[in-house]
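S.K.: Okay, handing you the structure first.
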Amino acid sequence: MAKIIAIANQKGGVGKTTSAINLAAALSEKGLRVLLVDMDPQGNATSGFGVDKSKPNTIYDLLVNDAETKACIRKNVWDKVDIIPSTMDLAGAEIELLDIEQHEYILRQKLEQIQNEYDFILIDCPPSLNLLTVNAMTTAGSVLVPIQCEFYAMEGLTQLLLTVQLVQRKLNPSLSLEGVVFTMYDIRTNLSQQVVESVREYLKDRVFDTVIPRNVRLAEAPSHGMPIMEYDKRSVGAEAYRRLAEELLNGRQQA
């Protein structure tokens, strides 16, 4: 049965989708079958794998139109990586979902049909704490939180952790924090180091050792519809996500 991880941060521009795409690719390099679920109406994870958004059967159809789960999966968008794509149609889904019974659990019910076919299911959440994010968290066993090394990182992180605790208490008792991973780390600045030290002190063993650097090749890859492992497999960004995947598999986090 697949390990299901929601990749979430209500703040945009923190490397959430970049992490979803490249962690999926890094896990697949190790021979694991991965399903990436794009729950963000912007559809950046979808375009990041070069998937055509105009074709029918997306995450919107799965959630709102009761489409079959297998019909919404695009197979082998990268070696051993499948995706349920997203489009801007999803932006209005939250209102439409309110009329559906048990609307917090729709994604969970849909993915139960296919989770035995994968080793990992990664859910790229929207940059907000809305019903789509709640659906991801009721489906997942854990939440991975990418945070940018910047001044306001702790403020957003605190709010997200409160949301995780609330979902755990009210909707999904098995939900846990997989860990926090630092993104866009700039070794040249004192601020990056200060943010890392502050969060590590606060969260202790729930912070990954791996730090994702600020890297031009990593930023360029999505515009070519490729994970960094294909765009520049020897870049520091590619190596960082390979280390993150290894750490995730081994359960090794900073003590």
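Just so we're on the same page: first chain in the structure tokens is A, next is B, and so on; residues restart at 1 for each chain, and ligands are numbered from 1 in the order they show up.
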Residues of stretch 76-123 of chain A that have any atom at most 12 Å from an atom of stretch 217-229 of chain A: could you tabulate them with the shortest-distance atom pair and the distance in Å to one decimal, using only C-alpha atoms, ordered by chain and increasing number, as a tab-separated table?
M.R.:
```
residue	atom	partner	partner_atom	distance
A:Val77	CA	A:Met226	CA	9.6
A:Trp78	CA	A:Pro227	CA	8.6
A:Asp79	CA	A:Met229	CA	11.0
A:Val81	CA	A:Pro227	CA	11.0
```
S.K.: For A:Ser128, find every residue with an atom within 9 Å (counting only C-alpha atoms), except residues of its own chain fewer than 5 positions away, and show them as a PyMOL selection string.
M.R.: chain A and resi 8-12+133
S.K.: Tell me, as a list in words, which residues lie within 12 Å of A:Lys53, counting only C-alpha atoms; anything in the same chain fewer than 2 positions away does not count.
M.R.: Asp38, Pro41, Gln42, Gly43, Asn44, Ala45, Thr46, Ser47, Gly48, Phe49, Gly50, Val51, Lys55, Pro56, Asn57, Thr58, Ile59, Tyr60, Cys72, Arg74, Ile83, Ile84, Pro85, Ser86, Thr87, Met88, Asp89 and Leu90 of chain A
S.K.: Create the file for the chosen residues now, containing C-alpha atoms and written as a PDB file, in the first residue's frame.
M.R.:
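Output (selection-v5.pdb):
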```pdb
ATOM      1  CA  ASP A  38      -1.916  17.957  -8.592  1.00  0.00           C
ATOM      2  CA  PRO A  41      -5.652  25.053  -9.602  1.00  0.00           C
ATOM      3  CA  GLN A  42      -2.548  26.685 -11.096  1.00  0.00           C
ATOM      4  CA  GLY A  43      -1.546  23.247 -12.373  1.00  0.00           C
ATOM      5  CA  ASN A  44       2.176  23.881 -12.098  1.00  0.00           C
ATOM      6  CA  ALA A  45       3.007  20.285 -11.225  1.00  0.00           C
ATOM      7  CA  THR A  46       1.069  19.242 -14.327  1.00  0.00           C
ATOM      8  CA  SER A  47       2.971  21.585 -16.641  1.00  0.00           C
ATOM      9  CA  GLY A  48       6.203  20.760 -14.800  1.00  0.00           C
ATOM     10  CA  PHE A  49       5.965  17.276 -16.289  1.00  0.00           C
ATOM     11  CA  GLY A  50       4.973  18.625 -19.693  1.00  0.00           C
ATOM     12  CA  VAL A  51       1.397  17.318 -19.451  1.00  0.00           C
ATOM     13  CA  LYS A  55      -7.352  16.980 -22.242  1.00  0.00           C
ATOM     14  CA  PRO A  56     -10.388  15.798 -20.214  1.00  0.00           C
ATOM     15  CA  ASN A  57     -10.360  13.884 -16.937  1.00  0.00           C
ATOM     16  CA  THR A  58      -8.446  15.951 -14.410  1.00  0.00           C
ATOM     17  CA  ILE A  59      -8.518  16.231 -10.627  1.00  0.00           C
ATOM     18  CA  TYR A  60     -11.595  18.472 -11.055  1.00  0.00           C
ATOM     19  CA  CYS A  72      -7.955  10.566 -14.561  1.00  0.00           C
ATOM     20  CA  ARG A  74      -1.912  10.073 -17.032  1.00  0.00           C
ATOM     21  CA  ILE A  83       0.008  12.084 -12.519  1.00  0.00           C
ATOM     22  CA  ILE A  84      -3.560  13.199 -11.942  1.00  0.00           C
ATOM     23  CA  PRO A  85      -3.414  16.609 -13.657  1.00  0.00           C
ATOM     24  CA  SER A  86      -5.033  19.876 -12.639  1.00  0.00           C
ATOM     25  CA  THR A  87      -6.502  22.868 -14.470  1.00  0.00           C
ATOM     26  CA  MET A  88      -7.979  26.226 -13.505  1.00  0.00           C
ATOM     27  CA  ASP A  89     -11.402  24.521 -13.356  1.00  0.00           C
ATOM     28  CA  LEU A  90     -10.355  23.408  -9.893  1.00  0.00           C
TER      29      LEU A  90
END
```
S.K.: Using DSSP secondary structure from the backbone, list all helix (DSSP H, G or I) positions within stretch 118-236 of chain A, as an NGL selection string.
M.R.: :A and (131-139 or 153-170 or 190-206 or 216-224 or 228-231 or 236)
S.K.: For the atom pair atom CA of A:Pro173 and atom CA of A:Asp209, what is the interatomic distance in Å to one decimal place?
M.R.: 26.7 Å
S.K.: Taking only C-alpha atoms into account, produce a table as a tab-separated table in which each residue of stretch 124-189 of chain A with an atom at most 9 Å from an atom of stretch 98-115 of chain A appears once, together with its shortest atom pair and the distance in Å to one decimal, ordered by chain and rising number.
M.R.:
```
residue	atom	partner	partner_atom	distance
A:Leu131	CA	A:Glu104	CA	6.9
A:Leu132	CA	A:Glu104	CA	8.2
A:Val134	CA	A:Glu104	CA	6.4
A:Asn135	CA	A:Glu104	CA	5.1
A:Ala136	CA	A:Leu107	CA	6.9
A:Thr138	CA	A:Tyr105	CA	6.3
A:Thr139	CA	A:Arg108	CA	4.4
A:Ala140	CA	A:Arg108	CA	8.0
A:Leu171	CA	A:Glu104	CA	8.1
```
S.K.: Take the residues just selected and output them with C-alpha atoms as a compact mmCIF listing (two decimals), in the first residue's frame.
M.R.:
```
# COMPACT_ATOMS: atom_id res chain seq x y z
CA LEU A 131 -11.11 22.50 1.42
CA LEU A 132 -8.76 21.14 -1.24
CA VAL A 134 -8.14 19.56 3.89
CA ASN A 135 -9.00 16.79 1.37
CA ALA A 136 -5.28 16.19 0.86
CA THR A 138 -7.55 13.62 5.27
CA THR A 139 -6.13 11.37 2.54
CA ALA A 140 -2.47 11.51 3.55
CA LEU A 171 -10.80 14.37 10.66
```
S.K.: Going by DSSP on the backbone, which residues of stretch 4-135 of chain A come out as strand (DSSP E or B)? List them as a PyMOL selection string.
M.R.: chain A and resi 4-7+34-38+74-78+81-84+120-124
S.K.: Give me the residues near A:Ala238 as a VMD selection string, where near means some atom within 12 Å (using only C-alpha atoms) and where sequence neighbours in that chain fewer than 6 positions away do not count.
M.R.: chain A and resid 18 to 19 21 to 27 29 211 to 219 221 226 to 232 244 to 245
S.K.: Which is closer to A:Leu162 than all the others in A:Arg33, A:Ser176, A:Val195, A:Met39, using only C-alpha atoms?
M.R.: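 Among the listed residues, the smallest separation from A:Leu162 belongs to A:Ser176.
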